[in-house]
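Source file: work-v3.txt. Holds: compact mmCIF, C-alpha atoms.
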```
# COMPACT_ATOMS: atom_id res chain seq x y z
CA MET A 8 -23.27 27.60 10.77
CA THR A 9 -25.11 27.99 14.05
CA LEU A 10 -25.18 25.80 17.11
CA TYR A 11 -28.12 25.90 19.53
CA ILE A 12 -27.72 24.16 22.84
CA HIS A 13 -30.96 23.12 24.46
CA ASP A 14 -30.58 20.85 27.52
CA ASP A 15 -28.87 17.67 26.38
CA ILE A 16 -29.85 18.04 22.74
CA SER A 17 -27.60 19.80 20.20
CA PHE A 18 -29.24 21.36 17.20
CA ILE A 19 -26.76 21.67 14.38
CA ARG A 20 -27.69 23.38 11.15
CA PHE A 21 -25.42 23.15 8.15
CA VAL A 22 -25.55 25.76 5.47
CA ILE A 23 -23.82 26.09 2.15
CA PRO A 24 -20.09 26.56 2.94
CA GLY A 25 -18.89 30.10 2.45
CA LEU A 26 -22.15 31.77 3.30
CA THR A 27 -21.73 31.49 7.06
CA GLU A 28 -18.54 31.24 9.10
CA PRO A 29 -18.45 28.12 11.30
CA ALA A 30 -17.81 28.69 14.98
CA PRO A 31 -14.22 27.53 15.86
CA TYR A 32 -15.36 25.44 18.85
CA LEU A 33 -17.72 23.57 16.54
CA ILE A 34 -14.94 22.48 14.19
CA ARG A 35 -12.77 21.42 17.13
CA GLY A 36 -15.50 19.51 18.88
CA ASN A 37 -17.42 18.01 16.02
CA PRO A 38 -15.22 17.12 13.05
CA VAL A 39 -17.35 14.30 11.67
CA PHE A 40 -20.66 16.06 11.67
CA PHE A 41 -19.31 19.30 10.39
CA TRP A 42 -16.98 18.31 7.58
CA ILE A 43 -18.92 15.55 5.85
CA PRO A 44 -21.97 17.68 5.01
CA ALA A 45 -19.77 20.74 4.45
CA PHE A 46 -17.84 18.91 1.72
CA THR A 47 -21.02 17.89 -0.01
CA GLY A 48 -22.05 21.54 -0.19
CA MET A 49 -25.58 20.73 0.85
CA THR A 50 -27.84 22.25 3.47
CA ALA A 51 -28.68 19.75 6.19
CA PHE A 52 -30.29 19.71 9.57
CA ALA A 53 -29.33 17.26 12.30
CA VAL A 54 -30.52 16.68 15.82
CA ILE A 55 -27.98 14.72 17.85
CA ASN A 56 -28.21 13.51 21.39
CA VAL A 57 -24.98 14.36 23.23
CA ASP A 58 -24.55 10.75 24.46
CA VAL A 59 -24.97 9.42 20.94
CA TYR A 60 -22.52 12.00 19.69
CA LYS A 61 -19.94 10.95 22.32
CA ARG A 62 -20.36 7.30 21.39
CA ILE A 63 -19.94 8.01 17.69
CA ARG A 64 -16.89 10.15 18.42
CA GLN A 65 -15.45 7.33 20.55
CA PHE A 66 -16.08 4.92 17.67
CA PHE A 67 -14.20 7.03 15.11
CA PHE A 68 -11.51 8.39 17.44
CA PRO A 69 -11.12 5.74 20.16
CA SER A 70 -8.81 6.08 23.18
CA LEU A 71 -5.87 3.68 23.01
CA THR A 72 -6.84 1.62 26.05
CA PRO A 73 -5.66 -2.02 26.52
CA ARG A 74 -9.26 -3.12 26.05
CA PHE A 75 -9.44 -1.35 22.70
CA LEU A 76 -6.08 -2.78 21.53
CA ILE A 77 -7.11 -6.34 22.41
CA ARG A 78 -10.42 -5.86 20.61
CA ALA A 79 -8.68 -4.43 17.52
CA LEU A 80 -6.22 -7.35 17.54
CA LEU A 81 -9.06 -9.89 17.73
CA VAL A 82 -10.96 -8.18 14.89
CA ALA A 83 -7.79 -8.15 12.74
CA LEU A 84 -7.12 -11.83 13.51
CA PHE A 85 -10.70 -12.79 12.66
CA ALA A 86 -10.60 -10.78 9.41
CA TYR A 87 -7.28 -12.39 8.44
CA LEU A 88 -8.56 -15.93 9.08
CA PHE A 89 -11.98 -15.37 7.53
CA PHE A 90 -11.00 -13.38 4.43
CA GLY A 91 -7.61 -15.08 4.02
CA HIS A 92 -8.58 -18.72 4.42
CA ILE A 93 -12.36 -19.22 4.49
CA CYS A 94 -14.08 -16.63 2.34
CA ILE A 95 -11.46 -15.22 -0.01
CA PRO A 96 -12.27 -12.11 -2.06
CA LEU A 97 -11.56 -12.66 -5.74
CA ARG A 98 -11.51 -10.67 -8.94
CA ILE A 99 -12.54 -12.61 -12.06
CA LYS A 100 -10.30 -11.95 -15.03
CA GLY A 101 -10.95 -13.37 -18.47
CA TYR A 102 -13.90 -14.46 -20.52
CA SER A 103 -13.99 -18.26 -20.19
CA MET A 104 -17.05 -18.23 -17.87
CA GLU A 105 -19.11 -15.70 -19.85
CA PRO A 106 -22.00 -15.02 -19.60
CA THR A 107 -22.29 -16.52 -16.07
CA TYR A 108 -19.31 -14.58 -14.72
CA HIS A 109 -18.07 -11.47 -16.44
CA ASN A 110 -14.54 -10.22 -16.86
CA GLU A 111 -13.44 -7.91 -14.00
CA SER A 112 -16.39 -8.89 -11.79
CA PHE A 113 -15.98 -9.38 -8.04
CA ASN A 114 -16.90 -12.37 -5.90
CA PHE A 115 -15.90 -14.38 -2.84
CA LEU A 116 -14.53 -17.91 -2.84
CA TRP A 117 -16.28 -20.02 -0.21
CA LYS A 118 -13.71 -22.63 0.82
CA LEU A 119 -15.79 -24.59 3.33
CA HIS A 120 -18.22 -25.90 0.73
CA TYR A 121 -16.28 -29.00 -0.32
CA ILE A 122 -15.02 -30.01 3.11
CA ILE A 123 -18.00 -32.26 3.77
CA SER A 124 -19.37 -32.71 0.24
CA LYS A 125 -17.95 -33.51 -3.18
CA PRO A 126 -18.44 -31.37 -6.30
CA LYS A 127 -21.61 -32.15 -8.22
CA ARG A 128 -22.28 -31.86 -11.93
CA GLN A 129 -22.90 -28.23 -13.01
CA ASP A 130 -21.22 -26.80 -9.90
CA VAL A 131 -18.93 -23.84 -10.59
CA VAL A 132 -15.64 -24.51 -8.84
CA ALA A 133 -12.27 -22.86 -8.34
CA VAL A 134 -9.29 -24.94 -9.42
CA ARG A 135 -6.02 -23.89 -7.85
CA PHE A 136 -2.57 -23.76 -9.37
CA ALA A 137 0.34 -23.79 -6.89
CA GLY A 138 -1.62 -21.82 -4.29
CA ASN A 139 -4.61 -19.60 -3.70
CA ARG A 140 -3.38 -16.40 -5.37
CA VAL A 141 -4.34 -17.45 -8.92
CA MET A 142 -7.11 -19.93 -9.69
CA LEU A 143 -9.25 -21.09 -12.57
CA LEU A 144 -13.02 -20.73 -12.40
CA LYS A 145 -14.72 -23.59 -14.27
CA ARG A 146 -17.90 -25.67 -14.32
CA VAL A 147 -17.94 -29.38 -13.47
CA ILE A 148 -19.44 -31.32 -16.39
CA ALA A 149 -18.46 -34.90 -15.52
CA LEU A 150 -17.55 -36.83 -12.38
CA GLU A 151 -15.09 -39.67 -11.76
CA ASP A 152 -15.44 -42.82 -13.89
CA GLU A 153 -17.81 -41.04 -16.31
CA THR A 154 -17.03 -40.75 -20.01
CA VAL A 155 -17.09 -37.28 -21.46
CA GLU A 156 -17.14 -36.20 -25.09
CA PHE A 157 -18.16 -33.30 -27.34
CA ARG A 158 -19.92 -33.87 -30.66
CA ASN A 159 -20.57 -30.79 -32.80
CA GLY A 160 -20.67 -28.64 -29.68
CA LYS A 161 -23.01 -30.93 -27.75
CA LEU A 162 -21.84 -32.44 -24.48
CA PHE A 163 -22.25 -36.18 -23.99
CA VAL A 164 -21.65 -37.87 -20.65
CA ASP A 165 -21.63 -41.69 -20.72
CA GLY A 166 -23.06 -41.44 -24.25
CA LYS A 167 -26.07 -39.38 -23.16
CA GLU A 168 -26.56 -35.84 -24.39
CA MET A 169 -26.58 -33.32 -21.55
CA GLU A 170 -28.64 -30.15 -21.25
CA GLU A 171 -26.46 -27.11 -20.65
CA PRO A 172 -28.70 -24.08 -19.99
CA TYR A 173 -25.72 -21.98 -18.91
CA VAL A 174 -24.10 -22.17 -22.36
CA ARG A 175 -25.35 -19.27 -24.48
CA TYR A 176 -23.00 -19.32 -27.44
CA ALA A 177 -23.20 -22.19 -29.91
CA CYS A 178 -19.97 -23.99 -30.80
CA ASN A 179 -18.75 -26.83 -32.97
CA TRP A 180 -16.38 -28.48 -30.53
CA ASN A 181 -15.42 -32.09 -31.10
CA LEU A 182 -13.59 -34.09 -28.46
CA PRO A 183 -13.19 -37.89 -28.59
CA PRO A 184 -14.60 -39.78 -25.58
CA ARG A 185 -12.39 -40.07 -22.51
CA GLN A 186 -12.96 -41.46 -19.05
CA VAL A 187 -12.52 -39.28 -16.00
CA GLU A 188 -9.96 -40.82 -13.66
CA LYS A 189 -10.55 -41.67 -10.00
CA ASP A 190 -10.59 -38.67 -7.60
CA CYS A 191 -10.92 -36.28 -10.53
CA VAL A 192 -13.65 -34.17 -12.15
CA TYR A 193 -13.88 -32.82 -15.67
CA VAL A 194 -14.23 -29.03 -15.86
CA VAL A 195 -15.01 -26.66 -18.73
CA GLY A 196 -15.82 -22.95 -18.99
CA ASP A 197 -19.28 -21.74 -20.00
CA ASN A 198 -17.97 -19.67 -22.88
CA ARG A 199 -17.57 -22.08 -25.82
CA ASN A 200 -17.46 -19.24 -28.33
CA MET A 201 -13.82 -19.93 -29.17
CA PRO A 202 -11.82 -22.72 -30.84
CA ILE A 203 -11.42 -25.75 -28.59
CA GLU A 204 -7.62 -25.39 -28.75
CA ASP A 205 -7.81 -21.93 -27.15
CA HIS A 206 -10.05 -22.95 -24.26
CA HIS A 207 -8.43 -24.07 -21.01
CA PHE A 208 -10.38 -27.13 -19.84
CA GLY A 209 -9.90 -30.75 -18.80
CA GLN A 210 -9.64 -33.18 -15.95
CA ALA A 211 -8.69 -31.72 -12.57
CA SER A 212 -7.70 -33.59 -9.45
CA MET A 213 -10.13 -33.23 -6.52
CA LYS A 214 -7.17 -31.98 -4.47
CA ARG A 215 -7.12 -28.89 -6.67
CA ILE A 216 -10.79 -28.00 -6.12
CA VAL A 217 -10.63 -25.37 -3.40
CA GLY A 218 -14.16 -24.03 -3.23
CA MET A 219 -16.96 -22.32 -5.07
CA PRO A 220 -17.94 -18.69 -5.67
CA LEU A 221 -20.51 -17.31 -3.21
CA TRP A 222 -22.92 -16.22 -5.94
CA MET B 7 1.55 6.13 29.51
CA LYS B 8 2.10 2.37 29.76
CA ILE B 9 0.41 1.89 26.42
CA LYS B 10 2.80 4.39 24.87
CA TYR B 11 5.82 2.41 26.12
CA LEU B 12 4.23 -0.84 24.93
CA ILE B 13 3.74 0.55 21.41
CA ILE B 14 7.35 1.84 21.36
CA ALA B 15 8.60 -1.58 22.52
CA ILE B 16 6.56 -3.38 19.81
CA LEU B 17 7.90 -0.98 17.16
CA ALA B 18 11.49 -1.46 18.37
CA VAL B 19 11.13 -5.26 18.25
CA GLY B 20 9.55 -5.02 14.78
CA ILE B 21 12.39 -2.86 13.44
CA GLY B 22 14.93 -5.26 14.99
CA VAL B 23 13.32 -8.31 13.36
CA TRP B 24 13.07 -6.49 10.01
CA ALA B 25 16.76 -5.42 10.17
CA THR B 26 17.87 -8.98 11.02
CA VAL B 27 15.89 -10.47 8.14
CA TYR B 28 17.09 -7.79 5.73
CA LEU B 29 20.78 -7.88 6.70
CA PHE B 30 21.06 -11.67 7.09
CA PRO B 31 18.69 -13.17 4.49
CA SER B 32 17.81 -16.84 4.77
CA GLU B 33 18.40 -19.27 1.89
CA GLU B 34 14.67 -19.09 1.16
CA ARG B 35 14.86 -15.33 0.72
CA LYS B 36 17.86 -15.69 -1.55
CA VAL B 37 15.90 -18.12 -3.75
CA LYS B 38 12.91 -15.74 -3.82
CA LYS B 39 15.21 -12.91 -4.83
CA GLN B 40 16.28 -14.89 -7.91
CA PHE B 41 12.64 -15.16 -8.96
CA ASN B 42 12.16 -11.42 -8.42
CA LEU B 43 15.17 -10.72 -10.63
CA LEU B 44 13.92 -13.13 -13.29
CA SER B 45 10.54 -11.39 -13.27
CA GLU B 46 12.15 -7.95 -13.48
CA TRP B 47 14.53 -8.87 -16.31
CA VAL B 48 11.98 -10.71 -18.44
CA SER B 49 9.35 -7.97 -18.11
CA LYS B 50 9.34 -5.20 -20.66
CA ASP B 51 7.63 -1.80 -20.57
CA SER B 52 6.20 -0.34 -23.74
CA GLY B 53 8.70 2.54 -23.69
CA GLU B 54 11.82 0.51 -22.88
CA ASN B 55 15.01 1.91 -24.38
CA THR B 56 17.85 -0.08 -26.00
CA PHE B 57 20.22 0.41 -23.06
CA THR B 58 17.74 -1.05 -20.54
CA MET B 59 16.98 -3.92 -22.91
CA ALA B 60 20.68 -4.78 -23.34
CA HIS B 61 21.22 -4.60 -19.57
CA LYS B 62 18.27 -6.91 -18.88
CA THR B 63 19.09 -9.53 -21.52
CA ARG B 64 22.77 -9.65 -20.52
CA ASN B 65 21.86 -10.14 -16.85
CA LEU B 66 19.13 -12.66 -17.57
CA GLY B 67 21.65 -15.33 -18.63
CA SER B 68 23.51 -14.97 -15.32
CA LEU B 69 20.48 -16.33 -13.44
CA PHE B 70 20.75 -19.73 -15.16
CA ALA B 71 23.13 -22.63 -14.66
CA GLU B 72 25.46 -23.58 -17.51
CA LYS B 73 22.97 -26.25 -18.53
CA PHE B 74 19.31 -25.39 -18.05
CA GLU B 75 16.63 -27.96 -18.86
CA LEU B 76 13.07 -26.96 -19.79
CA LYS B 77 10.10 -29.34 -20.03
CA THR B 78 6.82 -27.97 -21.40
CA GLU B 79 3.78 -29.32 -23.22
CA ILE B 80 5.12 -27.56 -26.35
CA GLU B 81 7.65 -30.04 -27.70
CA SER B 82 9.57 -27.46 -29.74
CA MET B 83 10.32 -25.42 -26.61
CA SER B 84 11.43 -28.31 -24.44
CA GLY B 85 15.12 -29.09 -24.27
CA SER B 86 18.43 -28.09 -22.84
CA TYR B 87 19.80 -24.55 -23.08
CA THR B 88 23.05 -22.85 -22.10
CA SER B 89 22.95 -19.48 -20.31
CA GLU B 90 24.28 -17.76 -23.47
CA GLU B 91 21.50 -19.34 -25.54
CA ILE B 92 18.92 -18.08 -23.03
CA SER B 93 20.26 -14.51 -23.28
CA SER B 94 20.24 -14.74 -27.05
CA TYR B 95 16.66 -16.16 -27.25
CA ALA B 96 15.48 -13.55 -24.73
CA ALA B 97 16.95 -10.72 -26.80
CA ARG B 98 15.32 -12.01 -29.98
CA GLY B 99 12.03 -12.76 -28.26
CA ARG B 100 11.75 -9.31 -26.71
CA PHE B 101 11.75 -7.70 -30.15
CA MET B 102 8.48 -9.51 -30.89
CA PHE B 103 6.67 -7.90 -27.94
CA SER B 104 5.88 -4.30 -27.17
CA TYR B 105 4.94 -5.17 -23.58
CA LEU B 106 5.76 -8.17 -21.37
CA SER B 107 5.06 -8.90 -17.74
CA LEU B 108 6.13 -12.03 -15.86
CA SER B 109 4.82 -12.52 -12.31
CA PHE B 110 5.29 -15.34 -9.84
CA TYR B 111 2.79 -16.30 -7.13
CA ASP B 112 2.55 -18.82 -4.29
CA LEU B 113 6.17 -19.87 -4.17
CA GLY B 114 6.57 -23.07 -2.16
CA ILE B 115 10.28 -23.58 -1.47
CA SER B 116 11.87 -26.75 -0.11
CA PHE B 117 15.45 -27.96 0.13
CA PRO B 118 15.51 -31.72 -0.61
CA GLU B 119 19.34 -31.81 -0.57
CA LYS B 120 22.10 -29.44 0.39
CA GLY B 121 22.66 -26.97 -2.44
CA ILE B 122 19.39 -27.84 -4.19
CA ALA B 123 16.14 -25.87 -3.94
CA LYS B 124 12.85 -27.17 -5.29
CA VAL B 125 10.24 -24.48 -5.95
CA THR B 126 6.60 -24.94 -6.88
CA LEU B 127 4.90 -21.77 -8.10
CA THR B 128 2.33 -20.18 -10.34
CA ALA B 129 3.76 -18.14 -13.21
CA ARG B 130 1.73 -15.61 -15.15
CA LEU B 131 2.98 -14.16 -18.41
CA LYS B 132 1.05 -11.25 -19.90
CA GLY B 133 1.96 -9.30 -22.96
CA ARG B 134 1.20 -7.63 -26.24
CA SER B 135 2.94 -8.51 -29.48
CA THR B 136 4.22 -5.83 -31.84
CA THR B 137 1.31 -6.76 -34.13
CA GLY B 138 -1.12 -5.81 -31.32
CA GLU B 139 -2.20 -9.28 -30.12
CA ASN B 140 -2.70 -9.62 -26.37
CA PHE B 141 -1.96 -12.80 -24.47
CA ASP B 142 -2.30 -13.89 -20.86
CA GLU B 143 -0.95 -17.32 -19.89
CA THR B 144 -0.88 -18.85 -16.42
CA HIS B 145 0.88 -22.12 -15.56
CA GLU B 146 2.08 -24.02 -12.55
CA LEU B 147 5.81 -24.68 -12.64
CA GLU B 148 8.20 -26.85 -10.75
CA CYS B 149 11.70 -25.39 -10.73
CA ILE B 150 15.00 -26.66 -9.44
CA LEU B 151 17.75 -24.24 -8.50
CA LYS B 152 21.31 -25.27 -7.70
CA LYS B 153 23.69 -23.36 -5.47
CA ILE B 154 26.80 -22.74 -7.54
CA GLU B 155 29.53 -20.47 -6.17
CA LYS B 156 27.21 -19.10 -3.45
CA ARG B 157 24.51 -18.18 -5.99
CA TRP B 158 21.21 -19.92 -6.62
CA LEU B 159 20.93 -20.63 -10.35
CA PHE B 160 18.00 -22.05 -12.32
CA SER B 161 18.85 -25.51 -13.60
CA HIS B 162 15.48 -27.11 -14.37
CA ALA B 163 11.89 -26.00 -14.98
CA GLU B 164 8.90 -28.16 -15.75
CA MET B 165 5.33 -27.20 -16.52
CA VAL B 166 2.77 -28.99 -14.30
CA GLU B 167 -0.41 -30.12 -16.02
CA VAL B 168 -3.33 -28.73 -13.97
CA LEU B 169 -6.10 -29.61 -16.43
CA LYS B 170 -5.56 -32.76 -18.46
CA LYS B 171 -7.53 -32.71 -21.71
```
What is this structure when it is put down as structure tokens?
Amino acid sequence: MTLYIHDDISFIRFVIPGLTEPAPYLIRGNPVFFWIPAFTGMTAFAVINVDVYKRIRQFFFPSLTPRFLIRALLVALFAYLFFGHICIPLRIKGYSMEPTYHNESFNFLWKLHYIISKPKRQDVVAVRFAGNRVMLLKRVIALEDETVEFRNGKLFVDGKEMEEPYVRYACNWNLPPRQVEKDCVYVVGDNRNMPIEDHHFGQASMKRIVGMPLW
Amino acid sequence: MKIKYLIIAILAVGIGVWATVYLFPSEERKVKKQFNLLSEWVSKDSGENTFTMAHKTRNLGSLFAEKFELKTEIESMSGSYTSEEISSYAARGRFMFSYLSLSFYDLGISFPEKGIAKVTLTARLKGRSTTGENFDETHELECILKKIEKRWLFSHAEMVEVLKK
């Protein structure tokens, strides 16, 4: 490895490790730009302005000033509030929402969505248990006061057959008509490719609807 | 230099708070500990030996009050059990599974009366039967623990219906 200093511009050339010995001052002064390409074992060429280099170094290895500590505290607080209470990262486990959401896929739960609006038919919602650590991901198929029923796998709401483009697997579910109670919605998973007894679905209180997935 | 002293002071306060909480646990922590023990003693690893199994099943009964009441949507499981019956059912039940894992989440603990703790939580039971069938069940539970001889013991558990078919 060779370092050429020309005014305020540093020319750094990386070669395949082992072929050339790096200068000791280079390792000491430039850990980020030396080691990352060196580990990859590739030949690279970089032109770095000294000011830019100092700024990047300050970013990765900041001085512990009060200003920095306050900034770090604020960033941590914001991340805690945002990712802990507003936009919660979630891992989907299970197959009840296939093929819309796959097992082991990743998403975020957007909790602000139902603060000013109510769930609509065909919305995918998260239904909480005792808290936010474990939730059910289901689709709203009927709203309060509506009558819901399944006949040979077809969904009927208030006696009218509903189109369900998100359901890919045919089923033969039969469920006698029932009316959705006040302040409740009726939720079902998209995957109907299982006996009705094995599928977790039904009427959920609006208080349990905590949000919707971001995508 | 000032920053260094500030960090040392914060660390010292943190260690002090941690030591106080650890050495003098609150009633809430004592209740949580019972749930941790229940989870540990119900769970079973695939390579569990007979000694560990006997130790777990014998201890499991000691977490429950003399009369424990269970209410679930499965009628045959609902009813009243003694702590000996629970140990005995647990021992028999564990033979049917090669792997079991019981976890508790979102424990909400309140004390409506002195000596009574009401806990709302999410319980997740995962496992694999000896015939190779996997299962994964999650339910919301409402539990009542009573303080008997300075120990919090499970006296009532009821399954909460989240989705009503």
**Report entry** Within 8 Å of chain B: residues of chain A, using all atoms listed in the file, as a list of chain:residue names
**Finding:**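 Every residue meeting the condition is included here: A:Leu71, A:Thr72, A:Pro73, A:Phe136, A:Ala137, A:Gly138, A:Asn139, A:Arg140, A:Val141, A:His207, A:Phe208, A:Gly209, A:Gln210, A:Ala211, A:Ser212.
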Please report as JSON lines every residue of segment 96-123 of chain A lying within 12 Å of segment 176-193 of chain A, along with the nearest atom pair and their distance in Å (one decimal), using only C-alpha atoms.
```
{"residue": "A:Ser103", "atom": "CA", "partner": "A:Tyr176", "partner_atom": "CA", "distance": 11.6}
{"residue": "A:Met104", "atom": "CA", "partner": "A:Tyr176", "partner_atom": "CA", "distance": 11.3}
{"residue": "A:Glu105", "atom": "CA", "partner": "A:Tyr176", "partner_atom": "CA", "distance": 9.3}
{"residue": "A:Pro106", "atom": "CA", "partner": "A:Tyr176", "partner_atom": "CA", "distance": 9.0}
{"residue": "A:Thr107", "atom": "CA", "partner": "A:Tyr176", "partner_atom": "CA", "distance": 11.7}
```
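Our summary of the geometry notes that atom CA of Gly91 of chain A is positioned 27.3 Å from atom CA of Ala123 of chain B.
Between atom CA of Leu131 of chain B and atom CA of Ser107 of chain B lies a distance of 5.7 Å.
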Q: Using only C-alpha atoms, collect all residues at a distance of at most 12 Å from (15.8, -19.0, -1.2) as written in the file, then present them as an NGL selection string.
A: :B and (31-42 or 113-117 or 121-125 or 150-153 or 156-160)
Query raised in the report: Got a sec: who's within 8 Å of Thr63 of chain B, counting all atoms listed in the file, leaving out chain neighbours fewer than 4 positions off, as a list in words?
Result: Trp47, Val48, Met59, Gly67, Ser93, Ser94, Ala96 and Ala97 of chain B
Checklist entry - How would you write as a list in words the residues that get within 7 Å of (-19.5, -21.5, -23.4) in the file's frame, counting all atoms listed in the file? => result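 Residues satisfying the cut-off, written out: Met104, Glu105, Val174, Arg175, Tyr176, Gly196, Asp197, Asn198, Arg199 and Asn200 of chain A.
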### Message
Neighbouring residues of Lys100 of chain A were defined as those with any atom within 9 Å, considering all atoms listed in the file; residues of the same chain fewer than 5 positions away were excluded. Please report them as a ChimeraX atom specification.
### Response
/A:109-112
How about saving the chosen residues, C-alpha atoms kept, as a short mmCIF file (atom, residue, chain, number, x, y, z; two decimals), keeping the file's coordinate frame?
```
data_model
loop_
_atom_site.label_atom_id
_atom_site.label_comp_id
_atom_site.auth_asym_id
_atom_site.auth_seq_id
_atom_site.Cartn_x
_atom_site.Cartn_y
_atom_site.Cartn_z
CA HIS A 109 -18.07 -11.47 -16.44
CA ASN A 110 -14.54 -10.22 -16.86
CA GLU A 111 -13.44 -7.91 -14.00
CA SER A 112 -16.39 -8.89 -11.79
#
```
Excluding segment 51-55 of chain B and any residue of its chain fewer than 2 positions from it, enumerate the residues within 6 Å of it, using all atoms listed in the file, and give them as a tab-separated table (two decimals) with C-alpha atoms, in the coordinates of the input.
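part-v1.tsv written:
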```
chain	number	residue	atom	x	y	z
B	57	PHE	CA	20.22	0.41	-23.06
B	58	THR	CA	17.74	-1.05	-20.54
B	104	SER	CA	5.88	-4.30	-27.17
B	105	TYR	CA	4.94	-5.17	-23.58
```
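Atom CA of Lys167 of chain A to atom CA of Val155 of chain A spans 9.4 Å [interatomic distance, one decimal].
Here the question is which of A:Arg128, A:Arg98, A:Arg215, A:Lys145 gets nearest to Glu171 of chain A using all atoms listed in the file, and that residue is A:Arg128.
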Fill in: Among listed residues B:Met165, B:Ile92, B:Leu44, B:Val23, nearest Phe74 of chain B (using all atoms listed in the file)
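Answer, going by the shortest atom-to-atom distance: B:Ile92.
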Q. Near Pro96 of chain A, within 12 Å and counting all atoms listed in the file, which residues show up once chain neighbours fewer than 4 positions away are dropped, as a list in words?
A. Ala86, Tyr87, Phe89, Phe90, Gly91, His92, Ser112, Phe113, Asn114, Phe115, Leu116, Trp117, Lys118, Asn139, Arg140, Val141, Met219, Pro220 and Leu221 of chain A
Glu46 of chain B: which residues within 9 Å, counting all atoms listed in the file, same-chain residues fewer than 6 positions away excluded, as a PDB file with C-alpha atoms, in the frame of the given file?
```pdb
ATOM      1  CA  LYS B  62      18.270  -6.910 -18.880  1.00  0.00           C
ATOM      2  CA  SER B 107       5.060  -8.900 -17.740  1.00  0.00           C
ATOM      3  CA  LEU B 108       6.130 -12.030 -15.860  1.00  0.00           C
ATOM      4  CA  SER B 109       4.820 -12.520 -12.310  1.00  0.00           C
TER       5      SER B 109
END
```
Can you sort out segment 135-146 of chain B so it carries N, CA and C atoms, written as a PDB file, keeping the file's coordinate frame?
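For reference, rebuild_9.pdb as written:
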```pdb
ATOM      1  N   SER B 135       1.954  -8.378 -28.410  1.00  0.00           N
ATOM      2  CA  SER B 135       2.940  -8.510 -29.480  1.00  0.00           C
ATOM      3  C   SER B 135       3.020  -7.196 -30.260  1.00  0.00           C
ATOM      4  N   THR B 136       4.062  -7.068 -31.061  1.00  0.00           N
ATOM      5  CA  THR B 136       4.220  -5.830 -31.840  1.00  0.00           C
ATOM      6  C   THR B 136       3.102  -5.699 -32.877  1.00  0.00           C
ATOM      7  N   THR B 137       2.438  -6.827 -33.191  1.00  0.00           N
ATOM      8  CA  THR B 137       1.310  -6.760 -34.130  1.00  0.00           C
ATOM      9  C   THR B 137      -0.006  -6.415 -33.408  1.00  0.00           C
ATOM     10  N   GLY B 138       0.062  -6.258 -32.074  1.00  0.00           N
ATOM     11  CA  GLY B 138      -1.120  -5.810 -31.320  1.00  0.00           C
ATOM     12  C   GLY B 138      -1.921  -6.912 -30.673  1.00  0.00           C
ATOM     13  N   GLU B 139      -1.451  -8.172 -30.741  1.00  0.00           N
ATOM     14  CA  GLU B 139      -2.200  -9.280 -30.120  1.00  0.00           C
ATOM     15  C   GLU B 139      -1.857  -9.369 -28.642  1.00  0.00           C
ATOM     16  N   ASN B 140      -2.911  -9.484 -27.812  1.00  0.00           N
ATOM     17  CA  ASN B 140      -2.700  -9.620 -26.370  1.00  0.00           C
ATOM     18  C   ASN B 140      -2.679 -11.097 -25.988  1.00  0.00           C
ATOM     19  N   PHE B 141      -1.927 -11.440 -24.995  1.00  0.00           N
ATOM     20  CA  PHE B 141      -1.960 -12.800 -24.470  1.00  0.00           C
ATOM     21  C   PHE B 141      -1.805 -12.775 -22.955  1.00  0.00           C
ATOM     22  N   ASP B 142      -2.334 -13.794 -22.321  1.00  0.00           N
ATOM     23  CA  ASP B 142      -2.300 -13.890 -20.860  1.00  0.00           C
ATOM     24  C   ASP B 142      -2.270 -15.370 -20.505  1.00  0.00           C
ATOM     25  N   GLU B 143      -1.119 -15.886 -20.145  1.00  0.00           N
ATOM     26  CA  GLU B 143      -0.950 -17.320 -19.890  1.00  0.00           C
ATOM     27  C   GLU B 143      -0.569 -17.549 -18.432  1.00  0.00           C
ATOM     28  N   THR B 144      -1.230 -18.505 -17.798  1.00  0.00           N
ATOM     29  CA  THR B 144      -0.880 -18.850 -16.420  1.00  0.00           C
ATOM     30  C   THR B 144      -0.591 -20.350 -16.333  1.00  0.00           C
ATOM     31  N   HIS B 145       0.504 -20.702 -15.694  1.00  0.00           N
ATOM     32  CA  HIS B 145       0.880 -22.120 -15.560  1.00  0.00           C
ATOM     33  C   HIS B 145       1.496 -22.372 -14.194  1.00  0.00           C
ATOM     34  N   GLU B 146       1.366 -23.615 -13.767  1.00  0.00           N
ATOM     35  CA  GLU B 146       2.080 -24.020 -12.550  1.00  0.00           C
ATOM     36  C   GLU B 146       3.419 -24.595 -12.980  1.00  0.00           C
TER      37      GLU B 146
END
```
